[in-house]
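Chemist: What follows is upload-v3.txt, made up of compact mmCIF, C-alpha atoms and all ligand atoms:
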```txt
# COMPACT_ATOMS: atom_id res chain seq x y z
CA MET A 1 0.00 0.00 0.00
CA GLU A 2 1.41 3.39 -1.00
CA ASN A 3 1.41 6.12 1.61
CA ASN A 4 -0.03 4.06 4.43
CA PRO A 5 -0.06 6.27 7.57
CA PHE A 6 -0.08 3.15 9.75
CA SER A 7 3.11 1.79 8.24
CA LEU A 8 6.10 1.22 10.54
CA LYS A 9 8.59 0.97 7.71
CA ASN A 10 12.12 2.11 8.66
CA LYS A 11 11.16 2.40 12.32
CA ARG A 12 13.30 0.71 14.97
CA ILE A 13 11.18 -0.41 17.89
CA LEU A 14 12.13 -1.99 21.21
CA ILE A 15 9.46 -4.21 22.75
CA THR A 16 9.73 -5.46 26.33
CA GLY A 17 7.85 -8.56 27.48
CA ALA A 18 8.09 -9.81 23.91
CA SER A 19 8.58 -13.44 24.93
CA SER A 20 4.92 -14.06 25.60
CA GLY A 21 1.31 -13.03 25.14
CA ILE A 22 0.65 -9.42 24.24
CA GLY A 23 4.31 -8.41 23.84
CA ARG A 24 4.93 -11.29 21.44
CA ALA A 25 1.91 -10.31 19.34
CA ILE A 26 3.12 -6.70 19.29
CA ALA A 27 6.54 -7.83 18.03
CA VAL A 28 5.02 -10.03 15.34
CA GLU A 29 2.45 -7.49 14.13
CA CYS A 30 4.86 -4.53 14.18
CA SER A 31 7.29 -6.49 12.13
CA LYS A 32 4.52 -7.30 9.63
CA MET A 33 3.99 -3.53 9.35
CA GLY A 34 7.61 -3.13 8.33
CA ALA A 35 9.27 -2.27 11.64
CA CYS A 36 12.71 -3.45 12.66
CA VAL A 37 11.96 -4.87 16.10
CA ILE A 38 14.30 -5.55 19.00
CA ILE A 39 12.80 -7.82 21.61
CA THR A 40 13.52 -8.42 25.25
CA GLY A 41 12.36 -10.71 28.07
CA ARG A 42 13.83 -13.06 30.66
CA ASN A 43 13.33 -16.36 28.94
CA GLU A 44 15.60 -17.07 25.97
CA GLU A 45 13.60 -20.00 24.62
CA ARG A 46 10.40 -18.01 24.53
CA LEU A 47 12.18 -15.05 22.91
CA LYS A 48 13.44 -17.40 20.22
CA ALA A 49 9.89 -18.67 19.71
CA THR A 50 8.84 -15.07 19.05
CA ILE A 51 11.63 -14.73 16.49
CA LEU A 52 10.47 -17.94 14.83
CA GLU A 53 6.97 -16.52 14.59
CA ILE A 54 8.33 -13.29 13.08
CA GLY A 55 10.19 -15.46 10.63
CA ASP A 56 13.37 -13.36 10.45
CA ASP A 57 16.39 -14.72 12.26
CA LYS A 58 18.15 -11.36 12.10
CA VAL A 59 15.84 -9.98 14.80
CA GLN A 60 17.91 -8.90 17.80
CA TYR A 61 16.93 -10.25 21.19
CA ILE A 62 18.31 -9.16 24.55
CA ILE A 63 17.76 -11.04 27.79
CA ALA A 64 17.00 -8.86 30.81
CA ASN A 65 15.30 -9.43 34.13
CA PHE A 66 13.43 -6.30 35.18
CA ALA A 67 13.58 -7.32 38.82
CA LYS A 68 17.31 -6.42 38.61
CA ASP A 69 18.44 -2.80 38.25
CA ASP A 70 21.70 -3.87 36.59
CA ASP A 71 19.81 -5.69 33.87
CA VAL A 72 17.80 -2.57 33.03
CA LEU A 73 21.00 -0.55 32.64
CA ALA A 74 22.71 -3.30 30.62
CA LEU A 75 19.68 -3.46 28.32
CA CYS A 76 19.82 0.27 27.69
CA ASN A 77 23.52 0.04 26.89
CA LYS A 78 22.90 -2.61 24.23
CA ILE A 79 20.28 -0.55 22.41
CA GLU A 80 20.94 1.74 19.47
CA ASP A 81 18.71 4.60 18.35
CA LEU A 82 15.00 3.91 18.48
CA ASP A 83 11.87 5.38 16.91
CA GLY A 84 9.59 3.48 19.22
CA LEU A 85 9.52 1.82 22.62
CA VAL A 86 6.78 -0.48 23.87
CA ASN A 87 6.82 -1.13 27.61
CA CYS A 88 4.85 -4.33 27.84
CA ALA A 89 6.64 -6.57 30.38
CA GLY A 90 4.48 -7.05 33.42
CA LEU A 91 3.07 -9.44 35.95
CA THR A 92 0.19 -9.70 38.34
CA LYS A 93 -0.07 -10.93 41.89
CA VAL A 94 -3.53 -12.02 42.92
CA LEU A 95 -3.81 -11.36 46.65
CA PRO A 96 -6.69 -10.01 48.73
CA PHE A 97 -5.71 -6.61 50.15
CA ASN A 98 -5.61 -7.94 53.73
CA PHE A 99 -2.66 -10.11 52.73
CA ALA A 100 -0.85 -7.59 50.52
CA LYS A 101 2.43 -6.73 52.23
CA PRO A 102 4.95 -4.11 51.06
CA SER A 103 7.15 -6.90 49.69
CA ASP A 104 4.25 -8.07 47.49
CA PHE A 105 3.68 -4.56 46.17
CA LYS A 106 7.40 -4.18 45.56
CA GLU A 107 7.62 -7.38 43.54
CA VAL A 108 4.96 -6.11 41.12
CA MET A 109 5.87 -2.40 41.17
CA ASP A 110 9.50 -3.19 40.35
CA VAL A 111 8.59 -4.85 37.05
CA ASN A 112 5.38 -3.03 36.11
CA PHE A 113 6.39 0.48 37.10
CA PHE A 114 9.98 1.16 38.20
CA ALA A 115 11.78 -0.85 35.51
CA PRO A 116 9.91 0.65 32.53
CA ALA A 117 10.18 4.14 34.01
CA GLU A 118 13.92 3.75 34.51
CA LEU A 119 14.53 2.04 31.17
CA THR A 120 12.75 4.88 29.41
CA ARG A 121 14.66 7.50 31.38
CA LEU A 122 18.02 5.87 30.64
CA LEU A 123 17.24 5.59 26.94
CA LEU A 124 16.21 9.25 26.79
CA LYS A 125 19.24 10.37 28.72
CA ALA A 126 21.50 8.47 26.35
CA GLY A 127 19.73 10.20 23.47
CA LYS A 128 18.59 6.85 22.11
CA ILE A 129 14.99 7.82 21.41
CA ARG A 130 14.81 9.89 18.27
CA LYS A 131 12.86 13.10 17.83
CA LYS A 132 9.25 12.29 16.86
CA GLY A 133 9.64 8.96 18.62
CA SER A 134 6.68 7.22 20.21
CA ILE A 135 6.59 5.50 23.59
CA VAL A 136 3.72 3.17 24.42
CA PHE A 137 2.96 1.66 27.82
CA ILE A 138 0.71 -1.35 28.20
CA SER A 139 -1.37 -0.39 31.20
CA SER A 140 -4.79 -1.93 31.87
CA ILE A 141 -8.39 -0.98 32.54
CA SER A 142 -7.63 -2.33 36.03
CA GLY A 143 -6.41 0.49 38.25
CA VAL A 144 -7.53 3.13 35.78
CA LEU A 145 -11.24 2.50 35.22
CA CYS A 146 -12.02 -0.48 37.43
CA SER A 147 -10.45 -3.24 39.46
CA ALA A 148 -11.17 -6.86 40.40
CA PRO A 149 -11.25 -8.93 43.57
CA ALA A 150 -7.73 -9.40 44.98
CA ALA A 151 -6.26 -7.05 42.37
CA SER A 152 -5.22 -4.10 44.54
CA ILE A 153 -1.51 -4.67 43.94
CA TYR A 154 -1.85 -4.97 40.18
CA SER A 155 -4.28 -2.06 39.96
CA SER A 156 -1.90 0.16 41.93
CA SER A 157 0.90 -0.59 39.51
CA LYS A 158 -1.22 0.16 36.45
CA GLY A 159 -2.69 3.31 37.99
CA ALA A 160 0.88 4.46 38.61
CA VAL A 161 1.81 3.75 34.98
CA ASN A 162 -1.14 5.81 33.85
CA GLY A 163 -0.03 8.82 35.86
CA LEU A 164 3.54 8.39 34.68
CA VAL A 165 2.44 8.47 31.05
CA LYS A 166 0.59 11.74 31.47
CA GLY A 167 3.52 13.44 33.22
CA MET A 168 6.03 12.08 30.73
CA ALA A 169 3.90 13.17 27.79
CA LEU A 170 4.15 16.77 28.97
CA ASP A 171 7.85 16.64 29.74
CA LEU A 172 8.77 15.01 26.44
CA ALA A 173 6.52 17.12 24.23
CA PRO A 174 9.30 19.70 23.62
CA LYS A 175 11.39 16.86 22.12
CA GLY A 176 8.47 15.90 19.89
CA ILE A 177 8.32 12.50 21.59
CA ARG A 178 4.83 11.18 22.23
CA VAL A 179 3.87 8.97 25.17
CA ASN A 180 0.64 7.01 25.30
CA CYS A 181 -1.06 4.20 27.12
CA VAL A 182 -3.05 1.24 25.93
CA ASN A 183 -5.56 -0.07 28.46
CA PRO A 184 -6.73 -3.58 27.66
CA GLY A 185 -9.44 -5.57 29.38
CA MET A 186 -8.87 -9.32 29.75
CA ILE A 187 -6.76 -10.78 26.98
CA THR A 188 -6.17 -14.51 26.62
CA THR A 189 -2.49 -15.01 27.58
CA ASP A 190 -0.44 -16.80 30.25
CA ILE A 191 -0.82 -13.99 32.78
CA PHE A 192 -2.99 -16.08 35.14
CA SER A 193 -0.96 -19.25 34.68
CA ASP A 194 -0.26 -19.58 38.42
CA GLY A 195 -3.73 -21.15 38.67
CA LYS A 196 -5.02 -19.16 41.63
CA ILE A 197 -7.95 -18.04 39.52
CA MET A 198 -10.00 -20.99 38.31
CA GLN A 199 -10.89 -21.59 34.67
CA GLU A 200 -14.61 -21.58 35.58
CA GLN A 201 -14.23 -18.16 37.16
CA LEU A 202 -12.66 -16.86 33.98
CA LYS A 203 -15.50 -18.34 31.90
CA GLU A 204 -18.05 -16.61 34.13
CA ASP A 205 -16.11 -13.36 33.87
CA MET A 206 -16.04 -13.57 30.10
CA LYS A 207 -19.85 -13.36 30.02
CA ARG A 208 -19.63 -9.88 31.52
CA TYR A 209 -18.03 -8.53 28.35
CA PRO A 210 -20.59 -6.99 25.97
CA LEU A 211 -18.66 -8.55 23.06
CA LYS A 212 -18.94 -11.91 24.89
CA ARG A 213 -15.32 -12.97 24.79
CA TYR A 214 -11.88 -11.99 25.98
CA GLY A 215 -9.58 -10.11 23.65
CA LYS A 216 -6.78 -11.61 21.61
CA PRO A 217 -3.18 -10.38 21.94
CA GLU A 218 -3.13 -9.14 18.34
CA GLU A 219 -6.16 -6.95 19.04
CA VAL A 220 -3.98 -5.03 21.48
CA ALA A 221 -1.07 -5.06 19.04
CA TYR A 222 -3.11 -3.25 16.37
CA SER A 223 -3.72 -0.33 18.71
CA VAL A 224 -0.03 -0.21 19.56
CA ILE A 225 0.76 -0.05 15.84
CA TYR A 226 -1.50 2.98 15.59
CA LEU A 227 0.24 4.72 18.49
CA LEU A 228 3.72 3.94 17.12
CA SER A 229 2.87 5.06 13.60
CA ASP A 230 2.62 8.52 12.09
CA ALA A 231 -1.17 8.05 12.01
CA SER A 232 -1.20 9.16 15.66
CA SER A 233 1.24 12.07 15.28
CA TRP A 234 -1.01 14.46 17.24
CA VAL A 235 -1.88 11.98 20.00
CA THR A 236 0.00 12.16 23.28
CA GLY A 237 -0.78 11.44 26.93
CA SER A 238 -3.87 9.48 25.95
CA ASN A 239 -5.48 6.22 27.05
CA LEU A 240 -6.70 3.86 24.40
CA ILE A 241 -9.24 1.50 25.94
CA ILE A 242 -9.54 -1.92 24.34
CA ASP A 243 -11.97 -3.92 26.41
CA GLY A 244 -14.81 -5.35 24.34
CA GLY A 245 -17.11 -2.82 25.99
CA TYR A 246 -16.44 -4.10 29.53
CA THR A 247 -16.18 -0.69 31.20
CA LEU A 248 -19.39 0.58 29.62
CA LEU A 249 -21.47 -1.37 32.10
CA MET B 250 -0.26 -28.97 61.61
CA ASP B 251 -3.46 -29.10 63.53
CA LEU B 252 -6.93 -29.55 62.08
CA LEU B 253 -8.73 -27.40 64.63
CA THR B 254 -6.42 -24.42 64.16
CA PHE B 255 -6.74 -24.85 60.41
CA THR B 256 -10.52 -24.78 60.75
CA THR B 257 -10.32 -21.58 62.79
CA ASN B 258 -7.95 -19.97 60.29
CA PHE B 259 -10.38 -21.01 57.57
CA ALA B 260 -13.34 -19.49 59.43
CA ASP B 261 -11.42 -16.23 59.93
CA GLN B 262 -11.72 -15.50 56.21
CA PHE B 263 -15.50 -15.14 56.53
CA GLU B 264 -17.34 -12.10 57.85
CA GLU B 265 -20.92 -13.19 58.34
CA THR B 266 -21.16 -16.93 58.67
CA GLU B 267 -21.59 -18.07 62.32
CA ILE B 268 -18.42 -19.61 63.71
CA SER B 269 -20.47 -22.68 64.69
CA ALA B 270 -20.96 -23.40 60.98
CA PHE B 271 -17.30 -24.35 60.64
CA THR B 272 -16.26 -27.90 61.48
CA PRO B 273 -13.78 -30.16 59.70
CA ASN B 274 -16.79 -31.68 57.90
CA THR B 275 -18.19 -28.40 56.63
CA ASN B 276 -18.77 -28.46 52.89
CA TYR B 277 -17.48 -24.96 52.45
CA LYS B 278 -18.60 -24.25 48.90
CA GLU B 279 -22.20 -24.66 50.07
CA LEU B 280 -21.92 -21.82 52.58
CA GLU B 281 -24.01 -18.87 51.48
CA GLU B 282 -21.15 -16.44 51.96
CA TRP B 283 -18.71 -18.45 49.80
CA SER B 284 -17.26 -16.33 46.98
CA SER B 285 -14.30 -16.13 44.66
CA LEU B 286 -12.75 -13.48 46.90
CA ILE B 287 -12.99 -15.82 49.91
CA ALA B 288 -11.41 -18.57 47.81
CA LEU B 289 -8.47 -16.24 47.11
CA SER B 290 -8.28 -15.32 50.81
CA ILE B 291 -8.08 -19.00 51.74
CA ILE B 292 -5.24 -19.47 49.22
CA ALA B 293 -3.43 -16.44 50.70
CA MET B 294 -4.05 -17.58 54.29
CA ILE B 295 -2.59 -21.04 53.52
CA ASP B 296 0.44 -19.41 51.92
CA GLU B 297 0.96 -17.08 54.90
CA GLU B 298 0.26 -19.51 57.76
CA TYR B 299 1.54 -22.78 56.30
CA ASP B 300 3.93 -21.66 53.58
CA VAL B 301 2.15 -23.88 51.04
CA SER B 302 0.98 -22.65 47.63
CA ILE B 303 -2.29 -24.19 46.56
CA LYS B 304 -4.24 -23.53 43.40
CA GLY B 305 -7.83 -22.72 42.56
CA ASP B 306 -8.20 -26.33 41.42
CA ASP B 307 -7.34 -27.58 44.92
CA ILE B 308 -10.11 -25.42 46.35
CA ARG B 309 -12.44 -26.91 43.78
CA SER B 310 -11.47 -30.55 44.22
CA ALA B 311 -11.70 -30.47 48.04
CA GLU B 312 -15.19 -30.63 49.49
CA THR B 313 -14.75 -30.27 53.23
CA ILE B 314 -12.38 -28.18 55.30
CA GLU B 315 -10.67 -31.41 56.30
CA ASP B 316 -10.13 -32.37 52.62
CA LEU B 317 -8.32 -29.09 52.11
CA PHE B 318 -6.38 -29.57 55.35
CA THR B 319 -5.18 -32.94 54.01
CA ILE B 320 -4.06 -31.39 50.72
CA VAL B 321 -2.06 -28.73 52.57
CA LYS B 322 -0.60 -31.24 55.03
CA ASN B 323 0.59 -33.48 52.22
CA ARG B 324 2.43 -30.60 50.60
CA LYS B 325 4.22 -29.43 53.71
N1 LIG C 1 -3.55 -10.53 29.71
C1 LIG C 1 -4.34 -9.56 30.09
O1 LIG C 1 -5.52 -9.77 30.33
C2 LIG C 1 -3.83 -8.14 30.25
C3 LIG C 1 -4.76 -7.12 30.37
C4 LIG C 1 -4.33 -5.81 30.52
C5 LIG C 1 -2.97 -5.56 30.54
N2 LIG C 1 -2.08 -6.56 30.43
C6 LIG C 1 -0.65 -6.22 30.48
O2 LIG C 1 -0.01 -6.65 29.30
C7 LIG C 1 1.36 -6.93 29.56
C8 LIG C 1 1.72 -8.31 29.01
O3 LIG C 1 0.94 -9.28 29.67
P1 LIG C 1 0.58 -10.71 29.06
O4 LIG C 1 -0.85 -10.93 29.33
O5 LIG C 1 1.10 -10.82 27.69
O6 LIG C 1 1.37 -11.64 30.08
P2 LIG C 1 2.37 -12.87 29.89
O7 LIG C 1 1.93 -13.73 28.76
O8 LIG C 1 2.50 -13.45 31.24
O9 LIG C 1 3.74 -12.15 29.47
C9 LIG C 1 4.44 -11.36 30.37
C10 LIG C 1 5.70 -10.84 29.73
O10 LIG C 1 6.39 -9.99 30.66
C11 LIG C 1 7.69 -10.48 30.84
N3 LIG C 1 8.17 -10.33 32.22
C12 LIG C 1 7.53 -10.68 33.36
N4 LIG C 1 8.34 -10.47 34.42
C13 LIG C 1 9.49 -9.97 33.93
C14 LIG C 1 10.73 -9.58 34.52
N5 LIG C 1 10.95 -9.69 35.84
N6 LIG C 1 11.70 -9.11 33.72
C15 LIG C 1 11.51 -9.02 32.38
N7 LIG C 1 10.39 -9.40 31.77
C16 LIG C 1 9.39 -9.86 32.52
C17 LIG C 1 7.64 -11.95 30.50
O11 LIG C 1 8.92 -12.41 30.17
P3 LIG C 1 9.37 -13.99 30.33
O12 LIG C 1 8.73 -14.72 29.19
O13 LIG C 1 10.81 -13.96 30.19
O14 LIG C 1 8.87 -14.47 31.63
C18 LIG C 1 6.67 -11.95 29.34
O15 LIG C 1 7.30 -11.62 28.15
C19 LIG C 1 1.53 -6.81 31.08
O16 LIG C 1 2.05 -5.53 31.38
C20 LIG C 1 0.12 -6.92 31.59
O17 LIG C 1 -0.05 -6.28 32.81
C21 LIG C 1 -2.48 -7.86 30.28
```
Would you give me this structure, written as structure tokens?
Modeler:
Amino acid sequence: MENNPFSLKNKRILITGASSGIGRAIAVECSKMGACVIITGRNEERLKATILEIGDDKVQYIIANFAKDDDVLALCNKIEDLDGLVNCAGLTKVLPFNFAKPSDFKEVMDVNFFAPAELTRLLLKAGKIRKKGSIVFISSISGVLCSAPAASIYSSSKGAVNGLVKGMALDLAPKGIRVNCVNPGMITTDIFSDGKIMQEQLKEDMKRYPLKRYGKPEEVAYSVIYLLSDASSWVTGSNLIIDGGYTLL
Amino acid sequence: MDLLTFTTNFADQFEETEISAFTPNTNYKELEEWSSLIALSIIAMIDEEYDVSIKGDDIRSAETIEDLFTIVKNRK
């Protein structure tokens, strides 16, 4: 297609959490739109599976554990100039508030909030995000528009991300760098693989979505493509809600 | 590990159900107050008090408080 405003051709994009679920779909779909993607995660095998799905063995992957400050710095050092950054790595910890200790909050905040904030800061400081670049955070509807039983820790981390995005968007506007958030409802991935939430509960929950199903990872990826592309060149500090209508009710 | 203490710890996760309703033979999923949040509180309580991680499926497969006690005891 000539002159496609959604094209990511010639754009270099770093995607965190690209070894699974939503991050993997973002890497695959961005690459289909012509981007040169660089992917990161903890698990080498799963990163390689993403590369296999992209079908280009020249894709660069970098292993980093966001629970370690040194890894965040090392990751930044290995990166060359970027046009886009997608902060997608994240985890949840399902715990009723009465049981949620500071150490539990820290475990989630470190990966969902502090690591992406610091990675982005380090990249900016090193001048590795080009003018007119686009930064996208994968937040959630949880913590921004709603929450769920035993989700106070997760919601706090995503609420914090949401605030961060708005502040960053203002501070980076003079550089012409845009910062936005995508806020998905439930997407079918491995995020609840610890089994604390039962399959039946998830099936029940699914019925509460006006579109009667959970989302697919690629349905989040398409919105990320929009925010990374020139199609969204006047969009910054925004929340893009992708939830099958869940928060309408 | 002691069954009576376990039963008390179990009962502590409920707000409204009379304490007398909780015995080792109580079929807990039939209690009116039973909910997914209480299920998650039981999982968290077992983690905190007994240092054992159980799953939603364990809550489902056990019927009585004693069944769950046995699952936890076997994993200690
Ligand atoms: N699924 C949903 O319903 C949903 C809804 C709204 C928002 N989200 C958000 O979407 C993002 C992706 O979630 P997902 O559903 O795709 O989950 P997922 O399948 O569990 O994938 C999580 C990703 O984050 C990475 N990650 C986790 N801990 C990490 C750490 N300590 N250091 C570096 N990387 C780490 C994982 O890497 P490894 O493979 O190496 O472990 C993996 O790539 C998260 O931010 C999540 O909060 C998900």
Chemist: Write as a PyMOL selection string the residues around ligand LIG 1 (chain C), taking 6 Å as the cut-off and counting all atoms listed in the file.
Modeler: chain A and resi 17-23+41-43+46+64-67+88-91+111+138-140+184-191
Chemist: Using only C-alpha atoms, which protein or nucleic acid residues come within 9 Å of stretch 147-154 of chain A? Drop anything in the same chain fewer than 6 positions from it, and give the result as a list in words.
Modeler: Leu91, Thr92, Lys93, Val94, Leu95, Pro96, Phe97, Ala100, Asp104, Phe105, Val108, Met109, Asn112 and Ile141 of chain A; Ser285, Leu286, Leu289 and Ser290 of chain B
Chemist: With only C-alpha atoms considered, list every residue of chain B at most 12 Å from chain A, as an mmCIF file with C-alpha atoms, in the coordinates of the input.
Modeler:
```cif
data_model
loop_
_atom_site.group_PDB
_atom_site.id
_atom_site.type_symbol
_atom_site.label_atom_id
_atom_site.label_comp_id
_atom_site.auth_asym_id
_atom_site.auth_seq_id
_atom_site.Cartn_x
_atom_site.Cartn_y
_atom_site.Cartn_z
ATOM 1 C CA ASP B 261 -11.420 -16.230 59.930
ATOM 2 C CA GLN B 262 -11.720 -15.500 56.210
ATOM 3 C CA SER B 284 -17.260 -16.330 46.980
ATOM 4 C CA SER B 285 -14.300 -16.130 44.660
ATOM 5 C CA LEU B 286 -12.750 -13.480 46.900
ATOM 6 C CA ILE B 287 -12.990 -15.820 49.910
ATOM 7 C CA ALA B 288 -11.410 -18.570 47.810
ATOM 8 C CA LEU B 289 -8.470 -16.240 47.110
ATOM 9 C CA SER B 290 -8.280 -15.320 50.810
ATOM 10 C CA ILE B 291 -8.080 -19.000 51.740
ATOM 11 C CA ILE B 292 -5.240 -19.470 49.220
ATOM 12 C CA ALA B 293 -3.430 -16.440 50.700
ATOM 13 C CA MET B 294 -4.050 -17.580 54.290
ATOM 14 C CA ILE B 295 -2.590 -21.040 53.520
ATOM 15 C CA ASP B 296 0.440 -19.410 51.920
ATOM 16 C CA GLU B 297 0.960 -17.080 54.900
ATOM 17 C CA GLU B 298 0.260 -19.510 57.760
ATOM 18 C CA SER B 302 0.980 -22.650 47.630
ATOM 19 C CA ILE B 303 -2.290 -24.190 46.560
ATOM 20 C CA LYS B 304 -4.240 -23.530 43.400
ATOM 21 C CA GLY B 305 -7.830 -22.720 42.560
ATOM 22 C CA ASP B 306 -8.200 -26.330 41.420
ATOM 23 C CA ASP B 307 -7.340 -27.580 44.920
ATOM 24 C CA ILE B 308 -10.110 -25.420 46.350
ATOM 25 C CA ARG B 309 -12.440 -26.910 43.780
ATOM 26 C CA SER B 310 -11.470 -30.550 44.220
#
```
Chemist: From the set B:Ile314, B:Ala270, B:Val301, B:Leu280, which residue has the shortest atom-to-atom contact distance to B:Leu253, counting all atoms listed in the file?
Modeler: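 The closest residue to B:Leu253 is B:Ile314.
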Chemist: Can you pull out every residue within 6 Å of stretch 227-236 of chain A, counting only C-alpha atoms, but drop anything in the same chain fewer than 5 positions away, and send it as a ChimeraX atom specification?
Modeler: /A:5-6,8,134,178-180
Chemist: Can you tell me how far atom CA of A:Ile15 sits from atom CA of A:Ile242, in Å to one decimal?
Modeler: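 Answer for the atom CA of A:Ile15 to atom CA of A:Ile242 separation: 19.2 Å.
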Chemist: At a cut-off of 12 Å around the point (16.5, 6.9, 24.3) (file coordinates), what residues fall inside when counting all atoms listed in the file? I'd like the answer as a PyMOL selection string.
Modeler: chain A and resi 12-14+75-85+117-135+172+175+177
Chemist: Which is closest to A:Leu47 among A:Ile225, A:Thr16, A:Glu29, A:Asp70, if we use all atoms listed in the file?
Modeler: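 Checking each candidate against A:Leu47, we get A:Thr16 as the closest.
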Chemist: Can you work out the spacing between atom CA of A:Ile62 and atom CA of A:Thr40 in Å, to one decimal?
Modeler: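 Atom CA of A:Ile62 sits 4.9 Å away from atom CA of A:Thr40.
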Chemist: Please list, as a PyMOL selection string, the residues that have an atom at most 9 Å away from (-14.0, -28.0, 59.4) in the coordinates of this file, counting all atoms listed in the file.
Modeler: chain B and resi 252-253+255-257+259-260+270-277+313-316+318
